[in-house]
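In what follows, a structure is listed as structure tokens, so that the remarks can point back to it.
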Amino acid sequence: MRESPCVRNCCLDQHDCCLGCGRLLNEIVEWHSADSIRRDTILILAAQRLTQRQQLYVIRHPAADPSG
């Protein structure tokens with residue numbers, strides 16, 4: 001089974017999404033009882049959330065874009 005994606009940078013936003021790992025609060029609670037298929041799904045969704053958050057940040061703060 002996959003290990004927790006927790007990066008010990010836990011802080012929830014207004015949507016109960018962890019700023020560190022990208023999981024929703026209910027996914028964090030569910031993690032230990034989830035089977036491997038559900039864990040894979042949670043990891044995919046969390047990665048998508050982190051990517052979206054980064055893209056929004058770059059749009060709002062263009063000077064922070066590392067690509068240029």
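So you can find residues: chains in the structure tokens are A, B, ... in the order shown, residues in each start at 1, and ligands are numbered from 1 in order.
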
List the neighbours of segment 51-57 of chain A out to 12 Å using only C-alpha atoms; skip same-chain residues closer than 5 positions along the sequence, and give me the result as a PyMOL selection string. chain A and resi 13+17-22+44-46+62-66

Find the residues around Ser4 of chain A up to 10 Å (only C-alpha atoms counted), leave out those fewer than 3 positions away in its own chain, and share them as a VMD selection string. chain A and resid 1 7 21 28 31 to 32 39 43

For the atom pair atom CA of Val29 of chain A and atom CA of Ile42 of chain A, what is the interatomic distance in Å to one decimal place?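 Answer for the atom CA of Val29 of chain A to atom CA of Ile42 of chain A separation: 11.5 Å.
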
One decimal, in Å: what's the spacing between atom CA of Ile59 of chain A and atom CA of Asn26 of chain A? 28.4 Å

Pick from A:Arg23, A:Arg38, A:Leu50, A:Arg60, whichever lies nearest to Cys6 of chain A using only C-alpha atoms: A:Arg23

Can you list, as a VMD selection string, every residue of segment 2-68 of chain A that DSSP puts in strand (DSSP E or B)? chain A and resid 12 17 to 18 24

Those residues you just picked out, can you put them in a file as a PDB file, in the first residue's frame with N, CA, C and O atoms?
```pdb
ATOM      1  N   LEU A  12      -5.157  23.920   6.372  1.00  0.00           N
ATOM      2  CA  LEU A  12      -6.317  23.791   5.498  1.00  0.00           C
ATOM      3  C   LEU A  12      -6.764  25.152   4.995  1.00  0.00           C
ATOM      4  O   LEU A  12      -6.780  26.132   5.746  1.00  0.00           O
ATOM      5  N   CYS A  17      -8.902  21.990   2.098  1.00  0.00           N
ATOM      6  CA  CYS A  17      -7.848  21.360   1.300  1.00  0.00           C
ATOM      7  C   CYS A  17      -6.511  21.677   1.953  1.00  0.00           C
ATOM      8  O   CYS A  17      -6.204  22.839   2.238  1.00  0.00           O
ATOM      9  N   CYS A  18      -5.711  20.653   2.179  1.00  0.00           N
ATOM     10  CA  CYS A  18      -4.403  20.840   2.802  1.00  0.00           C
ATOM     11  C   CYS A  18      -3.454  21.530   1.826  1.00  0.00           C
ATOM     12  O   CYS A  18      -3.289  21.092   0.690  1.00  0.00           O
ATOM     13  N   LEU A  24      -8.111  16.729   0.518  1.00  0.00           N
ATOM     14  CA  LEU A  24      -9.216  17.302   1.272  1.00  0.00           C
ATOM     15  C   LEU A  24      -9.249  16.662   2.651  1.00  0.00           C
ATOM     16  O   LEU A  24      -8.773  15.533   2.840  1.00  0.00           O
TER      17      LEU A  24
END
```

Out of chain A, which residues get alpha helix (DSSP H) from DSSP, as a PyMOL selection string? chain A and resi 25-30+36-60

Next, the residues of the selection above should be written as a CSV table (one decimal), in the first residue's frame with N, CA, C and O atoms.
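Final output, again20.csv:
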```csv
chain,number,residue,atom,x,y,z
A,25,LEU,N,-9.8,17.4,3.6
A,25,LEU,CA,-9.9,16.9,5.0
A,25,LEU,C,-10.5,15.5,5.0
A,25,LEU,O,-10.0,14.6,5.7
A,26,ASN,N,-11.6,15.2,4.3
A,26,ASN,CA,-12.2,13.9,4.3
A,26,ASN,C,-11.3,12.8,3.7
A,26,ASN,O,-11.3,11.7,4.1
A,27,GLU,N,-10.4,13.2,2.8
A,27,GLU,CA,-9.5,12.3,2.2
A,27,GLU,C,-8.4,11.9,3.2
A,27,GLU,O,-7.9,10.8,3.2
A,28,ILE,N,-8.0,12.9,4.0
A,28,ILE,CA,-7.0,12.7,5.0
A,28,ILE,C,-7.5,11.7,6.0
A,28,ILE,O,-6.8,10.8,6.4
A,29,VAL,N,-8.7,11.9,6.5
A,29,VAL,CA,-9.3,11.1,7.5
A,29,VAL,C,-9.5,9.7,6.9
A,29,VAL,O,-9.3,8.7,7.6
A,30,GLU,N,-9.9,9.6,5.6
A,30,GLU,CA,-10.2,8.3,5.0
A,30,GLU,C,-8.9,7.5,4.7
A,30,GLU,O,-9.0,6.3,4.5
A,36,SER,N,-5.9,0.3,-2.0
A,36,SER,CA,-4.9,0.9,-2.8
A,36,SER,C,-5.5,1.7,-4.0
A,36,SER,O,-4.9,2.7,-4.5
A,37,ILE,N,-6.6,1.2,-4.6
A,37,ILE,CA,-7.2,1.9,-5.7
A,37,ILE,C,-7.7,3.3,-5.2
A,37,ILE,O,-7.5,4.3,-5.9
A,38,ARG,N,-8.4,3.3,-4.1
A,38,ARG,CA,-8.8,4.6,-3.6
A,38,ARG,C,-7.7,5.5,-3.2
A,38,ARG,O,-7.7,6.8,-3.5
A,39,ARG,N,-6.6,5.0,-2.7
A,39,ARG,CA,-5.4,5.8,-2.4
A,39,ARG,C,-4.8,6.4,-3.6
A,39,ARG,O,-4.4,7.6,-3.7
A,40,ASP,N,-4.8,5.6,-4.7
A,40,ASP,CA,-4.3,6.1,-6.0
A,40,ASP,C,-5.1,7.3,-6.5
A,40,ASP,O,-4.6,8.3,-7.0
A,41,THR,N,-6.4,7.1,-6.3
A,41,THR,CA,-7.4,8.2,-6.7
A,41,THR,C,-7.1,9.4,-5.9
A,41,THR,O,-7.1,10.5,-6.5
A,42,ILE,N,-7.0,9.3,-4.6
A,42,ILE,CA,-6.8,10.4,-3.8
A,42,ILE,C,-5.5,11.1,-4.2
A,42,ILE,O,-5.4,12.4,-4.2
A,43,LEU,N,-4.4,10.4,-4.5
A,43,LEU,CA,-3.1,11.0,-4.9
A,43,LEU,C,-3.3,11.7,-6.2
A,43,LEU,O,-2.7,12.8,-6.3
A,44,ILE,N,-4.0,11.2,-7.1
A,44,ILE,CA,-4.2,11.9,-8.4
A,44,ILE,C,-5.0,13.2,-8.2
A,44,ILE,O,-4.5,14.2,-8.7
A,45,LEU,N,-6.0,13.1,-7.4
A,45,LEU,CA,-6.8,14.3,-7.2
A,45,LEU,C,-6.0,15.4,-6.4
A,45,LEU,O,-6.1,16.6,-6.7
A,46,ALA,N,-5.3,14.9,-5.4
A,46,ALA,CA,-4.4,15.9,-4.6
A,46,ALA,C,-3.4,16.5,-5.5
A,46,ALA,O,-3.2,17.8,-5.4
A,47,ALA,N,-2.8,15.8,-6.4
A,47,ALA,CA,-1.8,16.4,-7.3
A,47,ALA,C,-2.4,17.4,-8.2
A,47,ALA,O,-1.8,18.5,-8.5
A,48,GLN,N,-3.6,17.1,-8.7
A,48,GLN,CA,-4.3,18.0,-9.5
A,48,GLN,C,-4.6,19.3,-8.8
A,48,GLN,O,-4.5,20.4,-9.3
A,49,ARG,N,-5.0,19.2,-7.5
A,49,ARG,CA,-5.3,20.4,-6.7
A,49,ARG,C,-4.1,21.2,-6.5
A,49,ARG,O,-4.1,22.5,-6.6
A,50,LEU,N,-3.0,20.6,-6.2
A,50,LEU,CA,-1.7,21.3,-6.0
A,50,LEU,C,-1.3,22.1,-7.3
A,50,LEU,O,-0.8,23.2,-7.2
A,51,THR,N,-1.4,21.4,-8.4
A,51,THR,CA,-1.1,22.0,-9.7
A,51,THR,C,-2.0,23.2,-10.0
A,51,THR,O,-1.5,24.3,-10.4
A,52,GLN,N,-3.3,23.1,-9.7
A,52,GLN,CA,-4.2,24.2,-10.0
A,52,GLN,C,-3.9,25.3,-9.0
A,52,GLN,O,-3.9,26.5,-9.5
A,53,ARG,N,-3.5,25.0,-7.8
A,53,ARG,CA,-3.2,26.1,-6.8
A,53,ARG,C,-2.0,26.9,-7.3
A,53,ARG,O,-1.9,28.1,-7.3
A,54,GLN,N,-1.0,26.1,-7.8
A,54,GLN,CA,0.3,26.8,-8.3
A,54,GLN,C,0.0,27.6,-9.5
A,54,GLN,O,0.5,28.7,-9.7
A,55,GLN,N,-0.9,27.1,-10.4
A,55,GLN,CA,-1.2,27.9,-11.6
A,55,GLN,C,-1.9,29.2,-11.3
A,55,GLN,O,-1.7,30.2,-11.9
A,56,LEU,N,-2.9,29.1,-10.3
A,56,LEU,CA,-3.6,30.3,-9.9
A,56,LEU,C,-2.6,31.3,-9.3
A,56,LEU,O,-2.8,32.5,-9.5
A,57,TYR,N,-1.7,30.8,-8.5
A,57,TYR,CA,-0.7,31.7,-7.8
A,57,TYR,C,0.1,32.4,-8.9
A,57,TYR,O,0.3,33.6,-8.8
A,58,VAL,N,0.5,31.7,-9.9
A,58,VAL,CA,1.4,32.3,-11.0
A,58,VAL,C,0.5,33.4,-11.7
A,58,VAL,O,1.1,34.5,-12.1
A,59,ILE,N,-0.7,33.1,-12.0
A,59,ILE,CA,-1.6,34.0,-12.7
A,59,ILE,C,-1.7,35.3,-11.8
A,59,ILE,O,-1.7,36.4,-12.3
A,60,ARG,N,-1.9,35.1,-10.5
A,60,ARG,CA,-2.1,36.3,-9.6
A,60,ARG,C,-0.8,37.0,-9.3
A,60,ARG,O,-0.8,38.2,-8.9
```
